[in-house]
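Novice: Next comes the structure file entry.txt, holding compact mmCIF, C-alpha atoms.
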```txt
# COMPACT_ATOMS: atom_id res chain seq x y z
CA MET V 1 83.32 -54.81 15.45
CA SER V 2 86.19 -53.69 13.24
CA LEU V 3 86.44 -55.68 10.01
CA THR V 4 88.99 -56.41 7.30
CA LEU V 5 88.02 -57.60 3.82
CA ARG V 6 90.37 -59.62 1.65
CA THR V 7 90.48 -62.15 -1.18
CA ILE V 8 90.35 -65.71 0.15
CA SER V 9 90.99 -69.16 -1.32
CA ARG V 10 88.15 -71.38 -2.50
CA GLU V 11 88.99 -73.80 0.33
CA GLN V 12 88.57 -71.06 2.95
CA HIS V 13 85.33 -69.97 1.31
CA LEU V 14 83.93 -73.51 1.22
CA ALA V 15 84.93 -74.18 4.83
CA TYR V 16 83.07 -71.03 5.89
CA ILE V 17 79.90 -72.00 3.94
CA GLN V 18 80.06 -75.49 5.48
CA SER V 19 80.15 -73.96 8.96
CA LEU V 20 76.76 -72.26 8.41
CA PRO V 21 73.26 -73.76 8.73
CA ALA V 22 72.62 -72.79 5.06
CA ALA V 23 73.55 -70.36 2.27
CA SER V 24 72.45 -69.78 -1.30
CA HIS V 25 73.67 -72.29 -3.89
CA MET V 26 74.85 -69.23 -5.87
CA GLN V 27 77.29 -68.34 -3.09
CA VAL V 28 79.23 -71.61 -2.98
CA PRO V 29 82.69 -71.43 -4.62
CA ALA V 30 81.74 -73.99 -7.30
CA TRP V 31 79.03 -71.68 -8.65
CA ALA V 32 81.89 -69.75 -10.28
CA ASP V 33 82.64 -72.84 -12.41
CA VAL V 34 78.97 -73.06 -13.44
CA LYS V 35 79.14 -69.43 -14.60
CA ALA V 36 82.31 -70.01 -16.56
CA GLU V 37 81.81 -66.95 -18.82
CA TRP V 38 82.27 -64.66 -15.79
CA ARG V 39 85.55 -64.02 -13.97
CA SER V 40 85.21 -64.76 -10.25
CA GLU V 41 86.68 -63.88 -6.89
CA ASN V 42 86.13 -65.17 -3.34
CA LEU V 43 85.95 -62.52 -0.63
CA GLY V 44 86.19 -62.96 3.13
CA TRP V 45 85.38 -60.59 6.00
CA PHE V 46 87.53 -61.00 9.13
CA ASP V 47 86.99 -59.79 12.68
CA ASP V 48 90.11 -57.76 13.52
CA ARG V 49 90.02 -58.72 17.20
CA THR V 50 89.90 -62.49 16.76
CA GLY V 51 91.15 -62.90 13.19
CA GLU V 52 88.15 -65.16 12.58
CA MET V 53 86.26 -65.17 9.27
CA VAL V 54 82.74 -63.78 9.81
CA GLY V 55 81.43 -63.41 6.25
CA ALA V 56 82.07 -64.48 2.65
CA GLY V 57 81.02 -63.56 -0.85
CA LEU V 58 81.32 -64.98 -4.33
CA VAL V 59 81.76 -62.15 -6.84
CA LEU V 60 81.19 -62.71 -10.55
CA TYR V 61 82.73 -60.13 -12.91
CA ARG V 62 81.23 -59.54 -16.36
CA GLN V 63 83.33 -57.47 -18.73
CA LEU V 64 81.72 -54.66 -20.72
CA PRO V 65 82.15 -55.06 -24.48
CA LYS V 66 85.30 -53.32 -25.78
CA ILE V 67 86.50 -51.86 -22.44
CA LYS V 68 88.23 -53.35 -19.42
CA ARG V 69 85.52 -52.44 -16.94
CA TYR V 70 83.27 -54.88 -15.14
CA LEU V 71 79.85 -55.38 -13.66
CA ALA V 72 80.48 -57.07 -10.28
CA TYR V 73 77.62 -59.36 -9.25
CA LEU V 74 77.04 -61.19 -5.96
CA PRO V 75 73.98 -63.40 -6.65
CA GLU V 76 71.94 -63.95 -3.45
CA GLY V 77 74.90 -62.63 -1.48
CA PRO V 78 77.18 -61.71 0.11
CA VAL V 79 76.83 -64.08 3.08
CA ILE V 80 77.27 -61.58 5.93
CA ASN V 81 75.38 -60.49 9.02
CA TRP V 82 72.76 -58.34 7.27
CA PHE V 83 71.22 -57.30 10.57
CA ALA V 84 74.50 -55.93 11.94
CA PRO V 85 74.07 -52.36 13.23
CA ASN V 86 77.19 -51.27 11.29
CA LEU V 87 76.24 -52.40 7.78
CA THR V 88 78.46 -49.69 6.22
CA GLU V 89 81.51 -51.32 7.83
CA TRP V 90 80.69 -54.51 5.90
CA LEU V 91 79.75 -52.99 2.54
CA ASP V 92 82.05 -49.96 2.17
CA PRO V 93 85.29 -52.03 2.09
CA MET V 94 83.60 -54.34 -0.44
CA LEU V 95 82.75 -51.40 -2.74
CA ALA V 96 86.29 -50.01 -2.42
CA HIS V 97 87.77 -53.40 -3.27
CA LEU V 98 85.49 -53.98 -6.26
CA LYS V 99 86.25 -50.52 -7.61
CA GLN V 100 89.95 -51.35 -7.40
CA GLN V 101 89.23 -54.51 -9.41
CA GLY V 102 87.80 -52.40 -12.24
CA ALA V 103 84.09 -52.65 -11.44
CA PHE V 104 81.94 -49.77 -12.69
CA SER V 105 78.79 -51.10 -11.00
CA VAL V 106 77.96 -53.60 -8.26
CA LYS V 107 74.83 -55.72 -8.06
CA MET V 108 73.96 -57.83 -5.02
CA GLY V 109 71.00 -59.74 -3.64
CA PRO V 110 70.75 -59.61 0.15
CA PRO V 111 69.44 -63.04 1.27
CA VAL V 112 66.96 -61.29 3.59
CA ILE V 113 63.26 -62.23 3.67
CA ILE V 114 60.94 -59.30 4.23
CA ARG V 115 57.45 -60.93 4.25
CA ARG V 116 55.81 -64.36 4.23
CA TRP V 117 52.29 -65.43 3.26
CA GLU V 118 50.76 -68.77 4.28
CA ALA V 119 49.05 -70.91 1.60
CA ALA V 120 45.62 -70.32 3.19
CA SER V 121 46.01 -66.53 2.91
CA ILE V 122 47.06 -66.80 -0.73
CA LYS V 123 44.08 -69.05 -1.56
CA LYS V 124 41.76 -66.48 0.00
CA GLY V 125 43.48 -63.77 -2.02
CA ILE V 126 43.04 -65.71 -5.27
CA GLN V 127 39.30 -65.91 -4.60
CA ASP V 128 39.02 -62.17 -3.92
CA PRO V 129 38.42 -60.22 -7.17
CA ASP V 130 40.00 -57.08 -5.64
CA VAL V 131 43.29 -58.86 -5.03
CA LYS V 132 45.62 -58.66 -8.02
CA ARG V 133 49.05 -59.18 -6.43
CA LEU V 134 50.61 -60.88 -3.43
CA ARG V 135 51.29 -57.47 -1.92
CA ASP V 136 47.52 -56.82 -1.81
CA ILE V 137 47.22 -59.60 0.80
CA GLU V 138 48.15 -58.87 4.39
CA ALA V 139 51.37 -60.79 5.12
CA ASP V 140 51.28 -63.47 7.84
CA PHE V 141 54.83 -62.60 8.86
CA ILE V 142 56.80 -59.37 8.48
CA GLU V 143 60.49 -58.98 9.35
CA PRO V 144 60.84 -55.40 10.68
CA ARG V 145 64.65 -55.61 10.56
CA ALA V 146 64.48 -56.13 6.77
CA PHE V 147 62.96 -52.65 6.38
CA GLU V 148 65.85 -51.24 8.40
CA VAL V 149 68.32 -52.98 6.06
CA ALA V 150 66.57 -51.46 3.01
CA ASP V 151 66.67 -48.07 4.68
CA LYS V 152 70.39 -48.31 5.45
CA LEU V 153 71.17 -49.42 1.89
CA ARG V 154 69.30 -46.42 0.43
CA ARG V 155 71.14 -44.06 2.72
CA MET V 156 74.46 -45.58 1.59
CA GLY V 157 73.57 -44.88 -2.03
CA TRP V 158 72.44 -48.34 -3.12
CA GLN V 159 69.55 -48.26 -5.61
CA GLN V 160 66.67 -50.50 -6.51
CA GLY V 161 65.18 -50.56 -10.00
CA GLU V 162 61.55 -50.56 -8.92
CA ASP V 163 62.04 -47.56 -6.69
CA GLY V 164 62.98 -45.33 -9.59
CA GLY V 165 66.69 -45.98 -9.17
CA ALA V 166 68.73 -46.95 -12.21
CA GLY V 167 68.65 -50.70 -11.65
CA PHE V 168 68.93 -53.48 -14.23
CA GLY V 169 65.90 -55.22 -12.73
CA ASP V 170 66.17 -58.35 -10.64
CA VAL V 171 68.06 -61.25 -12.16
CA GLN V 172 67.07 -63.65 -9.36
CA PRO V 173 63.42 -64.09 -8.31
CA ARG V 174 62.21 -61.70 -5.64
CA TYR V 175 59.26 -63.93 -4.72
CA VAL V 176 59.80 -67.62 -3.98
CA TYR V 177 57.70 -70.47 -2.66
CA GLN V 178 59.01 -72.53 0.26
CA VAL V 179 57.81 -75.53 2.25
CA PRO V 180 59.14 -75.29 5.85
CA LEU V 181 60.34 -78.65 7.19
CA ALA V 182 61.89 -77.73 10.56
CA ASN V 183 59.99 -79.12 13.57
CA ARG V 184 57.40 -80.82 11.34
CA SER V 185 56.82 -84.52 10.73
CA LEU V 186 56.51 -85.82 7.16
CA GLU V 187 52.90 -86.58 8.03
CA ASP V 188 52.37 -82.88 8.86
CA VAL V 189 53.91 -81.91 5.53
CA HIS V 190 51.64 -84.34 3.65
CA LYS V 191 48.61 -83.06 5.56
CA GLY V 192 49.57 -79.53 4.53
CA PHE V 193 49.08 -80.39 0.83
CA ASN V 194 45.73 -79.43 -0.63
CA GLN V 195 43.24 -82.14 -1.63
CA LEU V 196 44.22 -82.02 -5.30
CA TRP V 197 47.90 -82.62 -4.48
CA ARG V 198 47.10 -85.51 -2.16
CA ARG V 199 44.75 -87.00 -4.76
CA ASN V 200 47.36 -86.64 -7.51
CA ILE V 201 50.09 -88.28 -5.39
CA LYS V 202 47.72 -91.21 -4.77
CA LYS V 203 46.78 -91.36 -8.46
CA ALA V 204 50.46 -91.58 -9.47
CA GLU V 205 51.08 -94.31 -6.89
CA LYS V 206 48.08 -96.34 -8.13
CA ALA V 207 49.17 -95.96 -11.75
CA GLY V 208 52.60 -97.30 -10.83
CA VAL V 209 54.61 -94.11 -11.44
CA GLU V 210 58.12 -94.68 -10.16
CA VAL V 211 60.53 -91.91 -9.19
CA VAL V 212 64.24 -92.61 -9.62
CA GLN V 213 67.47 -90.69 -9.23
CA GLY V 214 69.72 -90.23 -12.24
CA GLY V 215 73.38 -89.43 -12.72
CA TYR V 216 75.62 -87.50 -15.11
CA HIS V 217 74.97 -90.01 -17.94
CA ASP V 218 71.21 -89.28 -17.68
CA LEU V 219 71.58 -85.56 -18.42
CA GLU V 220 70.90 -86.16 -22.14
CA GLU V 221 67.53 -87.63 -21.24
CA TRP V 222 66.94 -84.68 -18.91
CA GLN V 223 67.73 -82.34 -21.82
CA ARG V 224 65.19 -84.10 -24.08
CA LEU V 225 62.37 -83.43 -21.58
CA TYR V 226 63.63 -79.93 -20.82
CA GLU V 227 63.60 -78.95 -24.51
CA ILE V 228 60.04 -80.26 -24.90
CA THR V 229 59.11 -78.03 -21.94
CA ALA V 230 60.86 -75.03 -23.48
CA VAL V 231 58.84 -75.33 -26.70
CA ARG V 232 55.59 -75.72 -24.77
CA ASP V 233 56.25 -72.85 -22.33
CA HIS V 234 57.97 -70.52 -24.84
CA PHE V 235 61.36 -70.00 -23.20
CA ARG V 236 64.90 -70.38 -24.51
CA PRO V 237 66.43 -73.55 -23.03
CA ARG V 238 69.94 -73.69 -21.65
CA PRO V 239 72.24 -76.08 -23.59
CA LEU V 240 73.07 -79.57 -22.35
CA SER V 241 76.66 -78.41 -21.72
CA TYR V 242 75.36 -76.01 -19.04
CA PHE V 243 73.80 -78.82 -17.01
CA GLN V 244 76.84 -81.05 -17.53
CA ARG V 245 79.08 -78.26 -16.26
CA MET V 246 76.71 -77.62 -13.34
CA TRP V 247 76.72 -81.32 -12.37
CA THR V 248 80.50 -81.66 -12.58
CA ALA V 249 81.28 -78.40 -10.78
CA LEU V 250 78.79 -78.71 -7.94
CA ASN V 251 79.23 -82.42 -7.25
CA THR V 252 83.01 -82.18 -7.34
CA GLU V 253 82.72 -79.63 -4.54
CA ASP V 254 80.23 -81.75 -2.59
CA PRO V 255 78.96 -85.13 -3.90
CA ASN V 256 75.49 -84.31 -2.58
CA ARG V 257 75.22 -80.77 -3.98
CA MET V 258 73.15 -81.57 -7.10
CA ARG V 259 70.69 -84.38 -7.76
CA LEU V 260 68.63 -85.41 -10.77
CA TYR V 261 65.20 -87.06 -10.56
CA PHE V 262 62.94 -88.75 -13.12
CA ALA V 263 59.29 -89.79 -12.77
CA ARG V 264 58.59 -92.69 -15.13
CA HIS V 265 55.61 -94.79 -16.10
CA ASP V 266 55.84 -98.08 -17.98
CA GLY V 267 59.56 -97.45 -18.45
CA VAL V 268 59.03 -94.02 -20.09
CA ASN V 269 60.39 -90.88 -18.40
CA LEU V 270 57.56 -88.34 -18.16
CA SER V 271 59.05 -85.63 -15.98
CA ALA V 272 62.41 -84.67 -14.51
CA ALA V 273 63.88 -82.19 -12.05
CA THR V 274 67.19 -81.04 -10.64
CA MET V 275 67.66 -80.50 -6.92
CA LEU V 276 70.37 -78.49 -5.14
CA VAL V 277 71.49 -78.87 -1.52
CA VAL V 278 73.47 -76.44 0.65
CA GLY V 279 73.32 -77.27 4.35
CA GLY V 280 69.70 -77.27 5.51
CA HIS V 281 68.38 -75.49 2.40
CA VAL V 282 67.19 -77.64 -0.51
CA TRP V 283 66.03 -76.20 -3.84
CA TYR V 284 63.93 -77.63 -6.61
CA SER V 285 65.99 -75.95 -9.29
CA TYR V 286 64.90 -76.86 -12.84
CA GLY V 287 61.84 -78.85 -13.90
CA ALA V 288 60.87 -80.53 -17.17
CA SER V 289 58.03 -82.69 -18.43
CA ASP V 290 56.78 -84.39 -21.56
CA ASN V 291 53.49 -83.54 -23.24
CA ILE V 292 52.32 -87.12 -22.73
CA GLY V 293 51.37 -89.05 -19.60
CA ARG V 294 50.09 -86.09 -17.62
CA GLU V 295 47.04 -88.06 -16.48
CA VAL V 296 49.25 -90.25 -14.22
CA ARG V 297 50.51 -87.08 -12.39
CA PRO V 298 54.28 -87.67 -12.61
CA SER V 299 55.19 -84.16 -11.40
CA ASN V 300 53.29 -84.50 -8.12
CA ALA V 301 54.88 -87.91 -7.47
CA MET V 302 58.33 -86.51 -8.19
CA GLN V 303 57.91 -83.46 -5.93
CA TRP V 304 56.69 -85.66 -3.07
CA ARG V 305 59.74 -87.92 -3.45
CA MET V 306 62.11 -84.91 -3.57
CA LEU V 307 60.46 -83.41 -0.50
CA ARG V 308 60.85 -86.70 1.38
CA ASP V 309 64.50 -86.92 0.34
CA ALA V 310 65.10 -83.32 1.44
CA TYR V 311 63.50 -84.20 4.78
CA ALA V 312 65.73 -87.29 5.12
CA LEU V 313 68.77 -85.05 4.51
CA GLY V 314 67.73 -82.97 7.53
CA ALA V 315 66.64 -79.97 5.46
CA THR V 316 64.83 -77.14 7.26
CA VAL V 317 63.29 -75.78 4.07
CA TYR V 318 62.32 -77.16 0.65
CA ASP V 319 62.47 -74.26 -1.77
CA LEU V 320 60.39 -74.36 -4.95
CA ARG V 321 62.14 -71.20 -6.18
CA GLY V 322 60.55 -68.37 -8.12
CA ILE V 323 56.92 -67.38 -8.47
CA SER V 324 55.35 -64.30 -9.99
CA ASP V 325 53.59 -61.99 -7.52
CA SER V 326 50.56 -61.84 -9.84
CA LEU V 327 47.37 -63.53 -8.58
CA ASP V 328 45.48 -62.75 -11.77
CA GLU V 329 44.12 -66.01 -13.23
CA THR V 330 44.63 -64.72 -16.79
CA ASP V 331 48.36 -64.19 -16.17
CA HIS V 332 50.42 -66.87 -17.97
CA LEU V 333 52.50 -67.41 -14.78
CA PHE V 334 49.45 -67.95 -12.58
CA GLY V 335 49.56 -71.75 -13.02
CA LEU V 336 52.99 -71.79 -11.40
CA ILE V 337 51.87 -70.20 -8.14
CA GLN V 338 48.72 -72.34 -8.17
CA PHE V 339 50.81 -75.53 -8.46
CA LYS V 340 53.18 -74.44 -5.68
CA VAL V 341 50.45 -73.19 -3.29
CA GLY V 342 49.10 -76.76 -3.40
CA THR V 343 52.10 -77.85 -1.29
CA GLY V 344 50.71 -75.84 1.61
CA GLY V 345 53.98 -73.94 2.11
CA GLN V 346 54.58 -70.20 2.16
CA ALA V 347 55.32 -67.50 -0.37
CA ALA V 348 58.32 -65.42 0.70
CA GLU V 349 59.43 -62.02 -0.53
CA TYR V 350 63.14 -61.22 -0.51
CA LEU V 351 64.56 -57.72 -0.28
CA GLY V 352 65.31 -57.88 -4.01
CA GLU V 353 68.49 -56.96 -5.81
CA TRP V 354 70.38 -53.70 -5.30
CA ASP V 355 72.79 -51.77 -7.51
CA PHE V 356 75.62 -49.43 -6.62
CA PRO V 357 76.89 -47.36 -9.58
CA LEU V 358 80.62 -46.78 -9.05
CA ASN V 359 80.77 -45.03 -12.42
CA LYS V 360 77.41 -43.38 -13.08
CA LEU V 361 77.98 -42.89 -16.80
CA LEU V 362 78.91 -46.53 -17.54
CA HIS V 363 76.16 -47.75 -15.21
CA LYS V 364 73.59 -45.69 -17.14
CA ALA V 365 74.95 -46.99 -20.48
CA LEU V 366 74.58 -50.60 -19.30
CA ASP V 367 71.11 -49.85 -17.98
CA ILE V 368 70.02 -48.60 -21.41
CA TYR V 369 71.64 -51.59 -23.11
CA MET V 370 69.89 -54.06 -20.74
CA SER V 371 66.48 -52.42 -21.18
CA ARG V 372 66.74 -52.79 -24.99
CA ARG V 373 67.58 -56.52 -24.86
```
Can the structure from this file be put into structure tokens for me?
Specialist:
Amino acid sequence: MSLTLRTISREQHLAYIQSLPAASHMQVPAWADVKAEWRSENLGWFDDRTGEMVGAGLVLYRQLPKIKRYLAYLPEGPVINWFAPNLTEWLDPMLAHLKQQGAFSVKMGPPVIIRRWEAASIKKGIQDPDVKRLRDIEADFIEPRAFEVADKLRRMGWQQGEDGGAGFGDVQPRYVYQVPLANRSLEDVHKGFNQLWRRNIKKAEKAGVEVVQGGYHDLEEWQRLYEITAVRDHFRPRPLSYFQRMWTALNTEDPNRMRLYFARHDGVNLSAATMLVVGGHVWYSYGASDNIGREVRPSNAMQWRMLRDAYALGATVYDLRGISDSLDETDHLFGLIQFKVGTGGQAAEYLGEWDFPLNKLLHKALDIYMSRR
């Protein structure tokens, strides 16, 4: 197939995304409005024979301090046929175009899953003292074509940080936790939960925990819970304005793109979460909870409601987003994987993010700067 790459309008980009079964929420045109501090561009790949659009990408450009050169970033993209035999014909025109736009380095995240592990395998791994990481467990599913993609990218000159290349490290999580919903009944999904999850859902029901959806005006209450979480879990919270911008941008593009949930008990909000929807892919995006009321299990009740809503929307996957690949119980991120494994889903490993230095000197300078931050 002979391809042409060119800048497209947001409308063309959105129409293409809407024609697909799913795509990353970071590859919808409105994501550019969420990341307002970056310049953005919408790219389209066209089949020369038919003139039809066959791929799209949202590029975010970040300017280097003091000089007019950019880092070009395609988070969880571009949305192309990654298993095409002629991958160079897709990526070379993109590199040429980005170089023309003043990019000194390109970073992308192929939305290609390489391995999957079932919850049962992970539980076994956690109990085995010799197992320290997900990779130490034999995967239940391996995608051989993903290894071919990695191979082609290396041969083209793309680099990955972990492999000794000069990468800035992954910005997006490489390991995620997903609950598959396609061809399963809700009863099957509920049965897939471990005993603790099922018990906690029941406990919340008995205690009268109610899960409600909120709107834009509830984002201040969301922020209150989120900042409590940030103090407890030692991370720097995003400002309220970020979530307000996210809500406005995403829901203007599609009124069902972003949702907000609260789990409350006796009229007090105890936990909250944001949910994102693109086609058949639904993400639990941000979570927050108070330090009080944990005994009534608001988070389990809220996840179960969000999962049911995702199912009602016709989702094929409910994505709990990032996990660490560490299975060491002393690791501070271990609780996260333990909580998510309780849903009975699968851990998935993506191909990770890849860098292409268009200007090796500037790329190296940024690499050093990023590693010192």
Novice: Could you make a table, as a tab-separated table, of the residues of region 247-354 of chain V that have an atom within 12 Å of an atom of region 139-161 of chain V, each with its nearest atom pair and distance in Å to one decimal, counting only C-alpha atoms, in chain and number order?
Specialist:
```
residue	atom	partner	partner_atom	distance
V:Gln346	CA	V:Asp140	CA	9.4
V:Ala347	CA	V:Ala139	CA	9.5
V:Ala348	CA	V:Phe141	CA	9.3
V:Glu349	CA	V:Ile142	CA	9.8
V:Tyr350	CA	V:Ala146	CA	9.0
V:Leu351	CA	V:Ala146	CA	7.2
V:Gly352	CA	V:Gln160	CA	7.9
V:Glu353	CA	V:Gln160	CA	6.7
V:Trp354	CA	V:Gln160	CA	5.0
```
Novice: Go ahead and fit an axis-aligned box to every listed atom of region 331-340 of chain V plus 4 Å each side, and pass me the centre and edge lengths in Å, one decimal, as lines of an AutoDock Vina configuration file.
Specialist:
```
center_x = 50.8
center_y = -69.9
center_z = -11.8
size_x = 12.8
size_y = 19.3
size_z = 20.3
```
Novice: Could you list as a PDB file with C-alpha atoms, in the coordinates of the input every residue that has an atom within 12 Å of (93.5, -59.4, 11.6), using the file's coordinates and counting all atoms listed in the file?
Specialist:
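Okay, part-v1.pdb is ready:
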```pdb
ATOM      1  CA  MET V   1      83.320 -54.810  15.450  1.00  0.00           C
ATOM      2  CA  SER V   2      86.190 -53.690  13.240  1.00  0.00           C
ATOM      3  CA  LEU V   3      86.440 -55.680  10.010  1.00  0.00           C
ATOM      4  CA  THR V   4      88.990 -56.410   7.300  1.00  0.00           C
ATOM      5  CA  LEU V   5      88.020 -57.600   3.820  1.00  0.00           C
ATOM      6  CA  ARG V   6      90.370 -59.620   1.650  1.00  0.00           C
ATOM      7  CA  GLY V  44      86.190 -62.960   3.130  1.00  0.00           C
ATOM      8  CA  TRP V  45      85.380 -60.590   6.000  1.00  0.00           C
ATOM      9  CA  PHE V  46      87.530 -61.000   9.130  1.00  0.00           C
ATOM     10  CA  ASP V  47      86.990 -59.790  12.680  1.00  0.00           C
ATOM     11  CA  ASP V  48      90.110 -57.760  13.520  1.00  0.00           C
ATOM     12  CA  ARG V  49      90.020 -58.720  17.200  1.00  0.00           C
ATOM     13  CA  THR V  50      89.900 -62.490  16.760  1.00  0.00           C
ATOM     14  CA  GLY V  51      91.150 -62.900  13.190  1.00  0.00           C
ATOM     15  CA  GLU V  52      88.150 -65.160  12.580  1.00  0.00           C
ATOM     16  CA  MET V  53      86.260 -65.170   9.270  1.00  0.00           C
ATOM     17  CA  VAL V  54      82.740 -63.780   9.810  1.00  0.00           C
TER      18      VAL V  54
END
```
Novice: Return the single residue from V:Asn251, V:Ser9, V:Ser241, V:Gln172 that is closest to Ala36 (chain V), with distances computed using all atoms listed in the file.
Specialist: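 Of V:Asn251, V:Ser9, V:Ser241, V:Gln172, the one nearest Ala36 (chain V), counting all atoms listed in the file, is V:Ser241.
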Novice: By how many Å are CA of Asp325 (chain V) and CA of Pro173 (chain V) apart?
Specialist: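 Taking CA of Asp325 (chain V) and CA of Pro173 (chain V), their separation equals 10.1 Å.
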Novice: One decimal, Å: what's the distance from CA of Asp233 (chain V) over to CA of Arg294 (chain V), could you say?
Specialist: 15.3 Å
Novice: Do a neighbour search on region 200-217 of chain V at 9 Å with all atoms listed in the file, toss out local chain neighbours closer than 3 positions, and write the hits as a list in words.
Specialist: Gln195, Leu196, Trp197, Glu220, Glu221, Gln244, Trp247, Thr248, Arg259, Leu260, Tyr261, Phe262, Ala263, Arg264, His265, Asp266, Gly267, Glu295, Val296, Arg297, Pro298, Ser299, Asn300, Ala301, Met302, Trp304 and Arg305 of chain V
Novice: Go ahead and write the residues just picked, C-alpha atoms, as a PDB file, in the coordinates of the input.
Specialist:
```pdb
ATOM      1  CA  GLN V 195      43.240 -82.140  -1.630  1.00  0.00           C
ATOM      2  CA  LEU V 196      44.220 -82.020  -5.300  1.00  0.00           C
ATOM      3  CA  TRP V 197      47.900 -82.620  -4.480  1.00  0.00           C
ATOM      4  CA  GLU V 220      70.900 -86.160 -22.140  1.00  0.00           C
ATOM      5  CA  GLU V 221      67.530 -87.630 -21.240  1.00  0.00           C
ATOM      6  CA  GLN V 244      76.840 -81.050 -17.530  1.00  0.00           C
ATOM      7  CA  TRP V 247      76.720 -81.320 -12.370  1.00  0.00           C
ATOM      8  CA  THR V 248      80.500 -81.660 -12.580  1.00  0.00           C
ATOM      9  CA  ARG V 259      70.690 -84.380  -7.760  1.00  0.00           C
ATOM     10  CA  LEU V 260      68.630 -85.410 -10.770  1.00  0.00           C
ATOM     11  CA  TYR V 261      65.200 -87.060 -10.560  1.00  0.00           C
ATOM     12  CA  PHE V 262      62.940 -88.750 -13.120  1.00  0.00           C
ATOM     13  CA  ALA V 263      59.290 -89.790 -12.770  1.00  0.00           C
ATOM     14  CA  ARG V 264      58.590 -92.690 -15.130  1.00  0.00           C
ATOM     15  CA  HIS V 265      55.610 -94.790 -16.100  1.00  0.00           C
ATOM     16  CA  ASP V 266      55.840 -98.080 -17.980  1.00  0.00           C
ATOM     17  CA  GLY V 267      59.560 -97.450 -18.450  1.00  0.00           C
ATOM     18  CA  GLU V 295      47.040 -88.060 -16.480  1.00  0.00           C
ATOM     19  CA  VAL V 296      49.250 -90.250 -14.220  1.00  0.00           C
ATOM     20  CA  ARG V 297      50.510 -87.080 -12.390  1.00  0.00           C
ATOM     21  CA  PRO V 298      54.280 -87.670 -12.610  1.00  0.00           C
ATOM     22  CA  SER V 299      55.190 -84.160 -11.400  1.00  0.00           C
ATOM     23  CA  ASN V 300      53.290 -84.500  -8.120  1.00  0.00           C
ATOM     24  CA  ALA V 301      54.880 -87.910  -7.470  1.00  0.00           C
ATOM     25  CA  MET V 302      58.330 -86.510  -8.190  1.00  0.00           C
ATOM     26  CA  TRP V 304      56.690 -85.660  -3.070  1.00  0.00           C
ATOM     27  CA  ARG V 305      59.740 -87.920  -3.450  1.00  0.00           C
TER      28      ARG V 305
END
```
Novice: Can you measure CA of Ile113 (chain V) to CA of Met370 (chain V) for me? One decimal in Å is fine.
Specialist: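 A separation of 26.6 Å between them.
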Novice: Step by step: start from the point (85.5, -48.3, -7.9) in the file's coordinates, keep every protein, DNA or RNA residue that has an atom no farther than 12 Å from it, count only C-alpha atoms, and write the set as a JSON list (two decimals) with C-alpha atoms, in the coordinates of the input.
Specialist:
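Saved as part_23.json:
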```json
[["chain", "number", "residue", "atom", "x", "y", "z"],
["V", 69, "ARG", "CA", 85.52, -52.44, -16.94],
["V", 70, "TYR", "CA", 83.27, -54.88, -15.14],
["V", 71, "LEU", "CA", 79.85, -55.38, -13.66],
["V", 72, "ALA", "CA", 80.48, -57.07, -10.28],
["V", 92, "ASP", "CA", 82.05, -49.96, 2.17],
["V", 93, "PRO", "CA", 85.29, -52.03, 2.09],
["V", 94, "MET", "CA", 83.60, -54.34, -0.44],
["V", 95, "LEU", "CA", 82.75, -51.40, -2.74],
["V", 96, "ALA", "CA", 86.29, -50.01, -2.42],
["V", 97, "HIS", "CA", 87.77, -53.40, -3.27],
["V", 98, "LEU", "CA", 85.49, -53.98, -6.26],
["V", 99, "LYS", "CA", 86.25, -50.52, -7.61],
["V", 100, "GLN", "CA", 89.95, -51.35, -7.40],
["V", 101, "GLN", "CA", 89.23, -54.51, -9.41],
["V", 102, "GLY", "CA", 87.80, -52.40, -12.24],
["V", 103, "ALA", "CA", 84.09, -52.65, -11.44],
["V", 104, "PHE", "CA", 81.94, -49.77, -12.69],
["V", 105, "SER", "CA", 78.79, -51.10, -11.00],
["V", 106, "VAL", "CA", 77.96, -53.60, -8.26],
["V", 356, "PHE", "CA", 75.62, -49.43, -6.62],
["V", 357, "PRO", "CA", 76.89, -47.36, -9.58],
["V", 358, "LEU", "CA", 80.62, -46.78, -9.05],
["V", 359, "ASN", "CA", 80.77, -45.03, -12.42],
["V", 360, "LYS", "CA", 77.41, -43.38, -13.08],
["V", 362, "LEU", "CA", 78.91, -46.53, -17.54],
["V", 363, "HIS", "CA", 76.16, -47.75, -15.21]]
```
Novice: May I have the residues within 9 Å of Tyr318 (chain V) as an NGL selection string, using all atoms listed in the file and disregarding those fewer than 6 positions away in the same chain?
Specialist: :V and (177-181 or 280-284 or 306-307 or 310-311)
